[in-house]
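Student: If it helps, the file is called target.pdb and holds PDB, C-alpha atoms and all ligand atoms:
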ATOM      1  CA  MET A   1    -113.293-161.172  20.878  1.00  0.00           C
ATOM      2  CA  TYR A   2    -111.655-163.826  23.044  1.00  0.00           C
ATOM      3  CA  GLN A   3    -112.937-164.339  26.602  1.00  0.00           C
ATOM      4  CA  ARG A   4    -109.848-165.815  28.212  1.00  0.00           C
ATOM      5  CA  VAL A   5    -106.261-165.368  27.061  1.00  0.00           C
ATOM      6  CA  LEU A   6    -102.824-166.497  28.156  1.00  0.00           C
ATOM      7  CA  VAL A   7    -100.026-164.045  27.400  1.00  0.00           C
ATOM      8  CA  LYS A   8     -96.496-165.442  27.148  1.00  0.00           C
ATOM      9  CA  LEU A   9     -93.883-162.778  27.825  1.00  0.00           C
ATOM     10  CA  SER A  10     -90.147-163.204  27.551  1.00  0.00           C
ATOM     11  CA  GLY A  11     -88.252-162.111  30.651  1.00  0.00           C
ATOM     12  CA  GLU A  12     -86.587-159.571  28.364  1.00  0.00           C
ATOM     13  CA  VAL A  13     -89.711-157.400  28.407  1.00  0.00           C
ATOM     14  CA  MET A  14     -88.677-156.460  31.963  1.00  0.00           C
ATOM     15  CA  CYS A  15     -85.340-154.998  30.930  1.00  0.00           C
ATOM     16  CA  GLY A  16     -85.215-154.248  27.199  1.00  0.00           C
ATOM     17  CA  GLU A  17     -83.512-156.296  24.518  1.00  0.00           C
ATOM     18  CA  GLY A  18     -79.970-157.407  25.227  1.00  0.00           C
ATOM     19  CA  SER A  19     -79.995-156.106  28.835  1.00  0.00           C
ATOM     20  CA  ARG A  20     -80.354-157.753  32.197  1.00  0.00           C
ATOM     21  CA  GLY A  21     -82.388-157.084  35.310  1.00  0.00           C
ATOM     22  CA  PHE A  22     -85.212-154.585  35.475  1.00  0.00           C
ATOM     23  CA  ASP A  23     -85.784-151.310  33.717  1.00  0.00           C
ATOM     24  CA  GLN A  24     -88.589-149.154  35.075  1.00  0.00           C
ATOM     25  CA  SER A  25     -89.633-147.627  31.758  1.00  0.00           C
ATOM     26  CA  ASN A  26     -89.928-151.105  30.219  1.00  0.00           C
ATOM     27  CA  ILE A  27     -91.941-152.286  33.196  1.00  0.00           C
ATOM     28  CA  ASN A  28     -94.241-149.254  32.949  1.00  0.00           C
ATOM     29  CA  TYR A  29     -94.867-150.053  29.279  1.00  0.00           C
ATOM     30  CA  LEU A  30     -95.545-153.704  30.133  1.00  0.00           C
ATOM     31  CA  VAL A  31     -98.049-152.739  32.840  1.00  0.00           C
ATOM     32  CA  GLN A  32     -99.763-150.334  30.445  1.00  0.00           C
ATOM     33  CA  GLN A  33    -100.188-153.061  27.800  1.00  0.00           C
ATOM     34  CA  ILE A  34    -101.598-155.539  30.334  1.00  0.00           C
ATOM     35  CA  ALA A  35    -103.912-152.839  31.749  1.00  0.00           C
ATOM     36  CA  GLN A  36    -105.394-152.313  28.274  1.00  0.00           C
ATOM     37  CA  ILE A  37    -106.553-155.932  28.025  1.00  0.00           C
ATOM     38  CA  VAL A  38    -107.664-156.124  31.661  1.00  0.00           C
ATOM     39  CA  ASP A  39    -109.783-152.976  31.176  1.00  0.00           C
ATOM     40  CA  TYR A  40    -111.257-154.525  28.058  1.00  0.00           C
ATOM     41  CA  GLY A  41    -112.725-157.210  30.305  1.00  0.00           C
ATOM     42  CA  VAL A  42    -111.032-160.474  29.354  1.00  0.00           C
ATOM     43  CA  ASN A  43    -109.635-163.041  31.777  1.00  0.00           C
ATOM     44  CA  VAL A  44    -105.862-162.726  31.646  1.00  0.00           C
ATOM     45  CA  GLY A  45    -103.292-165.376  32.500  1.00  0.00           C
ATOM     46  CA  ILE A  46     -99.588-164.627  32.166  1.00  0.00           C
ATOM     47  CA  VAL A  47     -96.497-166.809  31.846  1.00  0.00           C
ATOM     48  CA  ILE A  48     -93.269-164.874  32.049  1.00  0.00           C
ATOM     49  CA  GLY A  49     -89.781-166.212  31.285  1.00  0.00           C
ATOM     50  CA  ALA A  50     -86.477-165.341  32.898  1.00  0.00           C
ATOM     51  CA  GLY A  51     -84.280-164.185  30.013  1.00  0.00           C
ATOM     52  CA  ASN A  52     -83.530-160.941  31.900  1.00  0.00           C
ATOM     53  CA  ILE A  53     -82.151-162.982  34.810  1.00  0.00           C
ATOM     54  CA  PHE A  54     -80.964-166.404  33.757  1.00  0.00           C
ATOM     55  CA  ARG A  55     -81.549-169.119  31.178  1.00  0.00           C
ATOM     56  CA  GLY A  56     -80.439-172.664  31.966  1.00  0.00           C
ATOM     57  CA  GLU A  57     -78.541-173.036  28.697  1.00  0.00           C
ATOM     58  CA  GLU A  58     -76.181-170.220  29.772  1.00  0.00           C
ATOM     59  CA  LEU A  59     -74.460-172.306  32.428  1.00  0.00           C
ATOM     60  CA  SER A  60     -72.549-175.380  31.286  1.00  0.00           C
ATOM     61  CA  GLU A  61     -70.390-175.808  34.417  1.00  0.00           C
ATOM     62  CA  ILE A  62     -73.172-177.527  36.332  1.00  0.00           C
ATOM     63  CA  PRO A  63     -75.662-180.199  35.269  1.00  0.00           C
ATOM     64  CA  HIS A  64     -78.355-178.902  32.938  1.00  0.00           C
ATOM     65  CA  SER A  65     -81.095-180.038  35.288  1.00  0.00           C
ATOM     66  CA  LEU A  66     -79.723-177.773  38.045  1.00  0.00           C
ATOM     67  CA  ALA A  67     -79.189-174.814  35.729  1.00  0.00           C
ATOM     68  CA  ASP A  68     -82.803-175.125  34.577  1.00  0.00           C
ATOM     69  CA  GLN A  69     -84.022-175.072  38.156  1.00  0.00           C
ATOM     70  CA  ILE A  70     -82.177-171.789  38.626  1.00  0.00           C
ATOM     71  CA  GLY A  71     -83.932-170.572  35.469  1.00  0.00           C
ATOM     72  CA  MET A  72     -87.312-171.575  36.869  1.00  0.00           C
ATOM     73  CA  LEU A  73     -86.612-169.600  40.027  1.00  0.00           C
ATOM     74  CA  GLY A  74     -85.864-166.619  37.778  1.00  0.00           C
ATOM     75  CA  THR A  75     -89.420-166.824  36.461  1.00  0.00           C
ATOM     76  CA  VAL A  76     -90.665-166.689  40.064  1.00  0.00           C
ATOM     77  CA  ILE A  77     -88.696-163.484  40.672  1.00  0.00           C
ATOM     78  CA  ASN A  78     -90.197-161.922  37.551  1.00  0.00           C
ATOM     79  CA  ALA A  79     -93.704-163.054  38.465  1.00  0.00           C
ATOM     80  CA  LEU A  80     -93.482-161.403  41.880  1.00  0.00           C
ATOM     81  CA  TYR A  81     -92.015-158.229  40.402  1.00  0.00           C
ATOM     82  CA  LEU A  82     -94.790-158.124  37.826  1.00  0.00           C
ATOM     83  CA  LYS A  83     -97.458-158.769  40.462  1.00  0.00           C
ATOM     84  CA  GLY A  84     -96.194-155.814  42.502  1.00  0.00           C
ATOM     85  CA  SER A  85     -96.083-153.585  39.435  1.00  0.00           C
ATOM     86  CA  LEU A  86     -99.643-154.486  38.376  1.00  0.00           C
ATOM     87  CA  GLN A  87    -100.993-154.036  41.896  1.00  0.00           C
ATOM     88  CA  LYS A  88     -99.415-150.593  42.072  1.00  0.00           C
ATOM     89  CA  VAL A  89    -101.787-149.399  39.334  1.00  0.00           C
ATOM     90  CA  GLY A  90    -104.794-151.116  40.924  1.00  0.00           C
ATOM     91  CA  ILE A  91    -104.837-154.368  38.932  1.00  0.00           C
ATOM     92  CA  LYS A  92    -105.724-157.359  41.094  1.00  0.00           C
ATOM     93  CA  CYS A  93    -103.232-160.131  40.613  1.00  0.00           C
ATOM     94  CA  VAL A  94    -102.326-163.523  42.021  1.00  0.00           C
ATOM     95  CA  VAL A  95     -99.153-165.567  41.476  1.00  0.00           C
ATOM     96  CA  VAL A  96     -99.547-169.335  41.363  1.00  0.00           C
ATOM     97  CA  SER A  97     -96.780-171.904  41.167  1.00  0.00           C
ATOM     98  CA  GLN A  98     -95.907-175.476  41.903  1.00  0.00           C
ATOM     99  CA  VAL A  99     -92.191-174.911  42.367  1.00  0.00           C
ATOM    100  CA  THR A 100     -91.985-172.824  45.489  1.00  0.00           C
ATOM    101  CA  SER A 101     -93.813-171.863  48.614  1.00  0.00           C
ATOM    102  CA  LEU A 102     -93.568-168.182  49.550  1.00  0.00           C
ATOM    103  CA  PRO A 103     -96.027-165.910  51.374  1.00  0.00           C
ATOM    104  CA  SER A 104     -97.227-164.307  48.114  1.00  0.00           C
ATOM    105  CA  ILE A 105     -97.424-167.456  46.014  1.00  0.00           C
ATOM    106  CA  ARG A 106    -100.358-169.834  45.923  1.00  0.00           C
ATOM    107  CA  PRO A 107    -100.342-173.417  44.716  1.00  0.00           C
ATOM    108  CA  ILE A 108    -102.007-174.213  41.405  1.00  0.00           C
ATOM    109  CA  HIS A 109    -105.496-175.582  41.978  1.00  0.00           C
ATOM    110  CA  TYR A 110    -107.741-175.818  38.959  1.00  0.00           C
ATOM    111  CA  ASP A 111    -110.896-174.973  40.924  1.00  0.00           C
ATOM    112  CA  ASP A 112    -109.286-171.815  42.285  1.00  0.00           C
ATOM    113  CA  ILE A 113    -108.233-170.557  38.863  1.00  0.00           C
ATOM    114  CA  ASN A 114    -111.859-170.012  37.862  1.00  0.00           C
ATOM    115  CA  LEU A 115    -112.531-168.294  41.174  1.00  0.00           C
ATOM    116  CA  TYR A 116    -109.607-165.904  40.580  1.00  0.00           C
ATOM    117  CA  PHE A 117    -110.864-165.015  37.120  1.00  0.00           C
ATOM    118  CA  ASP A 118    -114.445-164.594  38.339  1.00  0.00           C
ATOM    119  CA  ALA A 119    -113.155-162.179  40.988  1.00  0.00           C
ATOM    120  CA  GLY A 120    -111.298-160.148  38.341  1.00  0.00           C
ATOM    121  CA  TYR A 121    -107.752-161.243  39.113  1.00  0.00           C
ATOM    122  CA  VAL A 122    -104.918-161.555  36.624  1.00  0.00           C
ATOM    123  CA  VAL A 123    -103.271-164.945  37.213  1.00  0.00           C
ATOM    124  CA  ILE A 124     -99.488-165.184  36.782  1.00  0.00           C
ATOM    125  CA  PHE A 125     -98.198-168.737  36.446  1.00  0.00           C
ATOM    126  CA  ALA A 126     -94.644-168.816  37.813  1.00  0.00           C
ATOM    127  CA  GLY A 127     -92.020-171.543  37.705  1.00  0.00           C
ATOM    128  CA  GLY A 128     -92.521-172.762  34.140  1.00  0.00           C
ATOM    129  CA  THR A 129     -93.744-176.336  33.806  1.00  0.00           C
ATOM    130  CA  SER A 130     -92.060-177.143  37.173  1.00  0.00           C
ATOM    131  CA  ASN A 131     -89.668-179.418  35.251  1.00  0.00           C
ATOM    132  CA  PRO A 132     -86.166-178.868  33.961  1.00  0.00           C
ATOM    133  CA  PHE A 133     -85.479-179.455  30.225  1.00  0.00           C
ATOM    134  CA  PHE A 134     -88.426-177.288  29.182  1.00  0.00           C
ATOM    135  CA  THR A 135     -88.875-173.593  28.499  1.00  0.00           C
ATOM    136  CA  THR A 136     -91.596-171.132  29.356  1.00  0.00           C
ATOM    137  CA  ASP A 137     -93.083-171.458  25.837  1.00  0.00           C
ATOM    138  CA  THR A 138     -94.097-174.995  26.705  1.00  0.00           C
ATOM    139  CA  ALA A 139     -95.254-173.808  30.128  1.00  0.00           C
ATOM    140  CA  ALA A 140     -97.414-171.185  28.401  1.00  0.00           C
ATOM    141  CA  ALA A 141     -99.076-173.812  26.202  1.00  0.00           C
ATOM    142  CA  LEU A 142     -99.638-176.090  29.186  1.00  0.00           C
ATOM    143  CA  ARG A 143    -101.033-173.372  31.460  1.00  0.00           C
ATOM    144  CA  ALA A 144    -103.198-172.007  28.634  1.00  0.00           C
ATOM    145  CA  VAL A 145    -104.862-175.392  28.257  1.00  0.00           C
ATOM    146  CA  GLU A 146    -105.171-175.789  32.042  1.00  0.00           C
ATOM    147  CA  MET A 147    -106.853-172.399  32.488  1.00  0.00           C
ATOM    148  CA  GLY A 148    -109.212-172.974  29.554  1.00  0.00           C
ATOM    149  CA  ALA A 149    -107.814-170.121  27.442  1.00  0.00           C
ATOM    150  CA  ASN A 150    -109.317-169.443  23.999  1.00  0.00           C
ATOM    151  CA  LEU A 151    -106.111-167.856  22.759  1.00  0.00           C
ATOM    152  CA  LEU A 152    -102.410-167.977  23.514  1.00  0.00           C
ATOM    153  CA  ILE A 153    -100.521-164.794  22.661  1.00  0.00           C
ATOM    154  CA  LYS A 154     -96.776-164.995  22.326  1.00  0.00           C
ATOM    155  CA  ALA A 155     -95.490-161.460  22.746  1.00  0.00           C
ATOM    156  CA  THR A 156     -92.220-161.111  20.839  1.00  0.00           C
ATOM    157  CA  LYS A 157     -90.161-158.382  19.199  1.00  0.00           C
ATOM    158  CA  VAL A 158     -91.192-159.320  15.648  1.00  0.00           C
ATOM    159  CA  ASN A 159     -94.568-158.638  14.090  1.00  0.00           C
ATOM    160  CA  GLY A 160     -95.301-162.203  13.079  1.00  0.00           C
ATOM    161  CA  ILE A 161     -93.943-165.254  11.305  1.00  0.00           C
ATOM    162  CA  TYR A 162     -91.900-164.947   8.104  1.00  0.00           C
ATOM    163  CA  ASP A 163     -90.981-167.585   5.527  1.00  0.00           C
ATOM    164  CA  SER A 164     -87.305-166.609   6.018  1.00  0.00           C
ATOM    165  CA  ASP A 165     -85.356-164.278   8.281  1.00  0.00           C
ATOM    166  CA  PRO A 166     -86.493-160.721   7.386  1.00  0.00           C
ATOM    167  CA  LYS A 167     -83.223-159.336   8.775  1.00  0.00           C
ATOM    168  CA  LYS A 168     -81.231-161.379   6.256  1.00  0.00           C
ATOM    169  CA  ASN A 169     -83.676-161.601   3.368  1.00  0.00           C
ATOM    170  CA  LYS A 170     -85.359-158.398   2.129  1.00  0.00           C
ATOM    171  CA  SER A 171     -87.991-160.372   0.204  1.00  0.00           C
ATOM    172  CA  ALA A 172     -89.010-162.452   3.249  1.00  0.00           C
ATOM    173  CA  ARG A 173     -92.786-162.908   3.188  1.00  0.00           C
ATOM    174  CA  LYS A 174     -94.964-162.592   6.296  1.00  0.00           C
ATOM    175  CA  LEU A 175     -97.274-165.547   6.894  1.00  0.00           C
ATOM    176  CA  ASP A 176    -100.511-164.137   8.315  1.00  0.00           C
ATOM    177  CA  LYS A 177    -102.087-167.511   9.046  1.00  0.00           C
ATOM    178  CA  ILE A 178    -100.583-171.002   9.175  1.00  0.00           C
ATOM    179  CA  SER A 179    -101.549-174.381  10.598  1.00  0.00           C
ATOM    180  CA  TYR A 180     -99.878-176.127  13.550  1.00  0.00           C
ATOM    181  CA  TYR A 181     -98.799-178.809  11.106  1.00  0.00           C
ATOM    182  CA  ASP A 182     -97.026-176.190   8.958  1.00  0.00           C
ATOM    183  CA  ALA A 183     -95.465-174.563  12.030  1.00  0.00           C
ATOM    184  CA  ILE A 184     -93.987-177.911  13.054  1.00  0.00           C
ATOM    185  CA  SER A 185     -92.984-179.134   9.599  1.00  0.00           C
ATOM    186  CA  ARG A 186     -91.287-175.808   8.771  1.00  0.00           C
ATOM    187  CA  GLY A 187     -89.382-176.084  12.070  1.00  0.00           C
ATOM    188  CA  LEU A 188     -90.337-172.530  13.041  1.00  0.00           C
ATOM    189  CA  LYS A 189     -88.086-171.154  15.758  1.00  0.00           C
ATOM    190  CA  VAL A 190     -90.602-168.591  17.003  1.00  0.00           C
ATOM    191  CA  MET A 191     -91.908-171.044  19.605  1.00  0.00           C
ATOM    192  CA  ASP A 192     -90.972-174.489  20.927  1.00  0.00           C
ATOM    193  CA  MET A 193     -92.178-177.524  19.016  1.00  0.00           C
ATOM    194  CA  GLU A 194     -93.648-178.883  22.266  1.00  0.00           C
ATOM    195  CA  ALA A 195     -95.763-175.742  22.563  1.00  0.00           C
ATOM    196  CA  PHE A 196     -97.052-176.068  18.976  1.00  0.00           C
ATOM    197  CA  SER A 197     -97.831-179.675  19.625  1.00  0.00           C
ATOM    198  CA  ILE A 198     -99.805-179.046  22.853  1.00  0.00           C
ATOM    199  CA  CYS A 199    -101.776-176.181  21.266  1.00  0.00           C
ATOM    200  CA  GLY A 200    -102.423-178.273  18.159  1.00  0.00           C
ATOM    201  CA  ARG A 201    -103.740-181.163  20.217  1.00  0.00           C
ATOM    202  CA  TYR A 202    -106.186-178.898  22.068  1.00  0.00           C
ATOM    203  CA  LYS A 203    -106.954-176.682  19.046  1.00  0.00           C
ATOM    204  CA  LEU A 204    -105.811-173.559  20.850  1.00  0.00           C
ATOM    205  CA  PRO A 205    -104.910-170.742  18.437  1.00  0.00           C
ATOM    206  CA  ILE A 206    -101.606-168.916  18.941  1.00  0.00           C
ATOM    207  CA  VAL A 207    -101.014-165.305  17.914  1.00  0.00           C
ATOM    208  CA  ILE A 208     -97.409-164.217  17.477  1.00  0.00           C
ATOM    209  CA  LEU A 209     -97.123-160.435  17.650  1.00  0.00           C
ATOM    210  CA  ASN A 210     -94.776-157.550  18.255  1.00  0.00           C
ATOM    211  CA  PHE A 211     -95.276-156.598  21.873  1.00  0.00           C
ATOM    212  CA  PHE A 212     -93.496-153.285  21.290  1.00  0.00           C
ATOM    213  CA  GLU A 213     -96.243-152.038  18.972  1.00  0.00           C
ATOM    214  CA  ASP A 214     -98.469-150.155  21.390  1.00  0.00           C
ATOM    215  CA  GLY A 215    -101.937-151.751  21.581  1.00  0.00           C
ATOM    216  CA  SER A 216    -101.017-154.975  19.774  1.00  0.00           C
ATOM    217  CA  LEU A 217    -102.080-157.174  22.714  1.00  0.00           C
ATOM    218  CA  LEU A 218    -105.463-155.468  22.806  1.00  0.00           C
ATOM    219  CA  ARG A 219    -105.918-155.872  19.064  1.00  0.00           C
ATOM    220  CA  ALA A 220    -105.228-159.598  19.350  1.00  0.00           C
ATOM    221  CA  VAL A 221    -107.712-159.944  22.197  1.00  0.00           C
ATOM    222  CA  ARG A 222    -110.354-158.156  20.126  1.00  0.00           C
ATOM    223  CA  GLY A 223    -109.780-160.680  17.354  1.00  0.00           C
ATOM    224  CA  GLU A 224    -108.344-158.089  14.954  1.00  0.00           C
ATOM    225  CA  ASP A 225    -105.662-158.941  12.422  1.00  0.00           C
ATOM    226  CA  VAL A 226    -102.342-158.519  14.170  1.00  0.00           C
ATOM    227  CA  GLY A 227     -99.116-160.464  13.798  1.00  0.00           C
ATOM    228  CA  SER A 228     -99.539-164.054  12.627  1.00  0.00           C
ATOM    229  CA  ILE A 229    -101.998-166.668  13.791  1.00  0.00           C
ATOM    230  CA  ILE A 230    -101.356-170.399  14.063  1.00  0.00           C
ATOM    231  CA  MET A 231    -104.502-172.509  14.047  1.00  0.00           C
ATOM    232  CA  PRO A 232    -106.028-175.757  12.755  1.00  0.00           C
ATOM    233  CA  ASP A 233    -106.300-176.133   8.944  1.00  0.00           C
TER     234      ASP A 233
HETATM  235  N1  LIG A 301     -87.151-173.450  32.637  1.00  0.00           N
HETATM  236  C1  LIG A 301     -87.248-174.808  32.917  1.00  0.00           C
HETATM  237  N2  LIG A 301     -88.460-175.430  32.805  1.00  0.00           N
HETATM  238  C2  LIG A 301     -89.571-174.767  32.401  1.00  0.00           C
HETATM  239  C3  LIG A 301     -89.478-173.402  32.105  1.00  0.00           C
HETATM  240  C4  LIG A 301     -88.262-172.760  32.234  1.00  0.00           C
HETATM  241  O1  LIG A 301     -86.276-175.444  33.269  1.00  0.00           O
HETATM  242  O2  LIG A 301     -90.641-175.396  32.321  1.00  0.00           O
HETATM  243  C5  LIG A 301     -85.880-172.760  32.838  1.00  0.00           C
HETATM  244  C6  LIG A 301     -84.917-172.906  31.664  1.00  0.00           C
HETATM  245  O3  LIG A 301     -83.605-172.956  32.169  1.00  0.00           O
HETATM  246  C7  LIG A 301     -85.124-171.595  30.912  1.00  0.00           C
HETATM  247  C8  LIG A 301     -85.349-170.613  32.037  1.00  0.00           C
HETATM  248  O4  LIG A 301     -86.110-171.363  32.995  1.00  0.00           O
HETATM  249  O5  LIG A 301     -83.986-171.226  30.146  1.00  0.00           O
HETATM  250  C9  LIG A 301     -86.083-169.358  31.679  1.00  0.00           C
HETATM  251  O6  LIG A 301     -87.152-169.629  30.798  1.00  0.00           O
HETATM  252  P1  LIG A 301     -87.125-169.140  29.272  1.00  0.00           P
HETATM  253  O7  LIG A 301     -85.795-169.437  28.662  1.00  0.00           O
HETATM  254  O8  LIG A 301     -88.303-169.734  28.586  1.00  0.00           O
HETATM  255  O9  LIG A 301     -87.315-167.563  29.425  1.00  0.00           O
HETATM  256  P2  LIG A 301     -87.565-166.445  28.315  1.00  0.00           P
HETATM  257  O10 LIG A 301     -86.621-166.743  27.170  1.00  0.00           O
HETATM  258  O11 LIG A 301     -88.975-166.583  27.866  1.00  0.00           O
HETATM  259  O12 LIG A 301     -87.313-165.145  28.999  1.00  0.00           O
END
Do you think you could lay out the structure here as C-alpha cells?

Tutor:
Amino acid sequence: MYQRVLVKLSGEVMCGEGSRGFDQSNINYLVQQIAQIVDYGVNVGIVIGAGNIFRGEELSEIPHSLADQIGMLGTVINALYLKGSLQKVGIKCVVVSQVTSLPSIRPIHYDDINLYFDAGYVVIFAGGTSNPFFTTDTAAALRAVEMGANLLIKATKVNGIYDSDPKKNKSARKLDKISYYDAISRGLKVMDMEAFSICGRYKLPIVILNFFEDGSLLRAVRGEDVGSIIMPD
C-alpha cells in the first residue's frame, strides 16, 4: 500500500470524452472514485487539467504564452468545481495554487501541505506549474515530488501502456512494467517527457491506468497490479 499519492486527472473526466464543460454523472463517478481512496486512508493530492474547458494549443490567434495562461485558469475552475463536489459528500478538501488569489484558494506552502494531510484534507493543486509552455502532466510530477508522494497515478482512458497503438494494431502488447529510461527512449505519448524525467530523477513510480474501470484508483493505491507501472530498472 502507498501512504501518499498524487492523482493526475485530465479535465475531460469532468465532462466525458470529446465533450466540453461539466457533466454531473461524470462528476459523480469522479467523486466516487476519489472517495474510495480517501476512505482507504491514504493522503491524496490531485492535479486536474483543463481539457474540458481550454487547452493553450487550441488558440493560435494569440501568443502561445497567453493562451497557456488561459489554460492554467481553466485548471483553477476545475479545481474549485471539484472541491465543491468533494465537499458535498463530506470529503475535506483544500485548493492550493500559485497563480491566483481567490477566497477559496490558498497559496502553496510546503509546511502547510503536511498539516492539510495530517488533518485529513485532500489537496488539489490548481494552476499547473504556474508557467506557460508546460502541461498538467509536468505539474503533476512536480507537485507529487513537492508533496512527498510515493506514487503518481495518471488516470487515463486506456488500461496501460502498449508497445503500439491497440486501436490500430490488434497484436499490440501491453507493457505491465517499464523503466523511466524505456518510457523516454520509446517516446511514449502517454505522459510528457518532462514528467517522466522529473519522476525518474526522484525515483517516483508512475501508474498509468484506466480511470473508467471502477475501483482502478483504489487498486493502484493498494499496490495491486493495475494498468502499467513505470519505475527504476
Ligand atoms: N498549462 C500551462 N502550464 C502548466 C499547465 C497547464 O500553460 O503548467 C495550460 C496549457 O495551455 C494546457 C492547459 O493549461 O493546455 C490545460 O492543461 P492540460 O492540457 O494538461 O489539461 P488536460 O489535457 O490534462 O485536461

Student: Around ligand LIG 301 (chain A), with edges along x, y and z and 8 Å added on all six sides, what centre and edge lengths do you get, in Å to one decimal, as JSON?

Tutor:
{"center_x": -87.1, "center_y": -170.3, "center_z": 30.2, "size_x": 23.0, "size_y": 26.3, "size_z": 22.1}

Student: Could you list, with a cut-off of 12 Å and counting only C-alpha atoms, the residues of range 111-208 of chain A near range 222-225 of chain A, each shown with its nearest atom pair and the distance in Å rounded to one decimal, rows sorted by chain and ascending number, as JSON lines?

Tutor:
{"residue": "A:Asn150", "atom": "CA", "partner": "A:Gly223", "partner_atom": "CA", "distance": 11.0}
{"residue": "A:Leu151", "atom": "CA", "partner": "A:Gly223", "partner_atom": "CA", "distance": 9.7}
{"residue": "A:Ile153", "atom": "CA", "partner": "A:Gly223", "partner_atom": "CA", "distance": 11.4}
{"residue": "A:Asn159", "atom": "CA", "partner": "A:Asp225", "partner_atom": "CA", "distance": 11.2}
{"residue": "A:Gly160", "atom": "CA", "partner": "A:Asp225", "partner_atom": "CA", "distance": 10.9}
{"residue": "A:Asp176", "atom": "CA", "partner": "A:Asp225", "partner_atom": "CA", "distance": 8.4}
{"residue": "A:Lys177", "atom": "CA", "partner": "A:Asp225", "partner_atom": "CA", "distance": 9.9}
{"residue": "A:Pro205", "atom": "CA", "partner": "A:Gly223", "partner_atom": "CA", "distance": 11.2}
{"residue": "A:Ile206", "atom": "CA", "partner": "A:Gly223", "partner_atom": "CA", "distance": 11.7}
{"residue": "A:Val207", "atom": "CA", "partner": "A:Asp225", "partner_atom": "CA", "distance": 9.6}
{"residue": "A:Ile208", "atom": "CA", "partner": "A:Asp225", "partner_atom": "CA", "distance": 11.0}

Student: Name all residues at most 7 Å from Gly74 in chain A (count all atoms listed in the file; drop same-chain ones fewer than 3 positions away) and give them as a list in words.

Tutor: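 Once the nearby chain positions are removed, what remains is Ala50, Ile53, Phe54, Ile70, Gly71, Ile77 and Asn78 of chain A.
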
Student: Could you list, as an NGL selection string, all the residues within 6 Å of ligand LIG 301 (chain A), counting all atoms listed in the file?

Tutor: :A and (10-12 or 49-51 or 55-57 or 67-69 or 71-72 or 128-137 or 139)

Student: Take the PyMOL selection byres (((chain A and resi 22) around 10) and not hetatm), run it mentally on this structure, and tell me the resulting residues as a VMD selection string.

Tutor: chain A and resid 11 to 16 19 to 21 23 to 27 52 to 53 78 81

Student: Quick one: apply the PyMOL selection byres (((chain A and resi 161) around 9) and not hetatm) to the file and drop the selected residues here as a PyMOL selection string.

Tutor: chain A and resi 158-160+162-164+173-177+188+190+208-209+227-229

Student: For the file shown, what are the residues hit by the PyMOL selection byres (((chain A and resi 107) around 6) and not hetatm), laid out as a PyMOL selection string?

Tutor: chain A and resi 96-98+106+108

Student: Any chance you could export the current selection's C-alpha atoms as a PDB file, in the coordinates of the input?

Tutor:
ATOM      1  CA  VAL A  96     -99.547-169.335  41.363  1.00  0.00           C
ATOM      2  CA  SER A  97     -96.780-171.904  41.167  1.00  0.00           C
ATOM      3  CA  GLN A  98     -95.907-175.476  41.903  1.00  0.00           C
ATOM      4  CA  ARG A 106    -100.358-169.834  45.923  1.00  0.00           C
ATOM      5  CA  ILE A 108    -102.007-174.213  41.405  1.00  0.00           C
TER       6      ILE A 108
END

Student: Hey, which of A:Lys203, A:Ala141, A:Asn43, A:Asp182 ends up closest to Leu115 in chain A? Count only C-alpha atoms.

Tutor: A:Asn43

Student: Compare A:Val47, A:Val94, A:Ile230, A:Ala35 by their minimum atom-to-atom distance to Asp112 in chain A, counting only C-alpha atoms, and give me the closest one.

Tutor: A:Val94

Student: What is the distance, in Å and to one decimal place, between CA of Val89 in chain A and CA of Asp118 in chain A?

Tutor: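 Separation between CA of Val89 in chain A and CA of Asp118 in chain A: 19.8 Å.
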
Student: With distances taken over all atoms listed in the file, which of A:Leu217, A:Val5, A:Val226, A:Ile178 is nearest to Leu152 in chain A?

Tutor: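 Closest residue, counting all atoms listed in the file: A:Val5.
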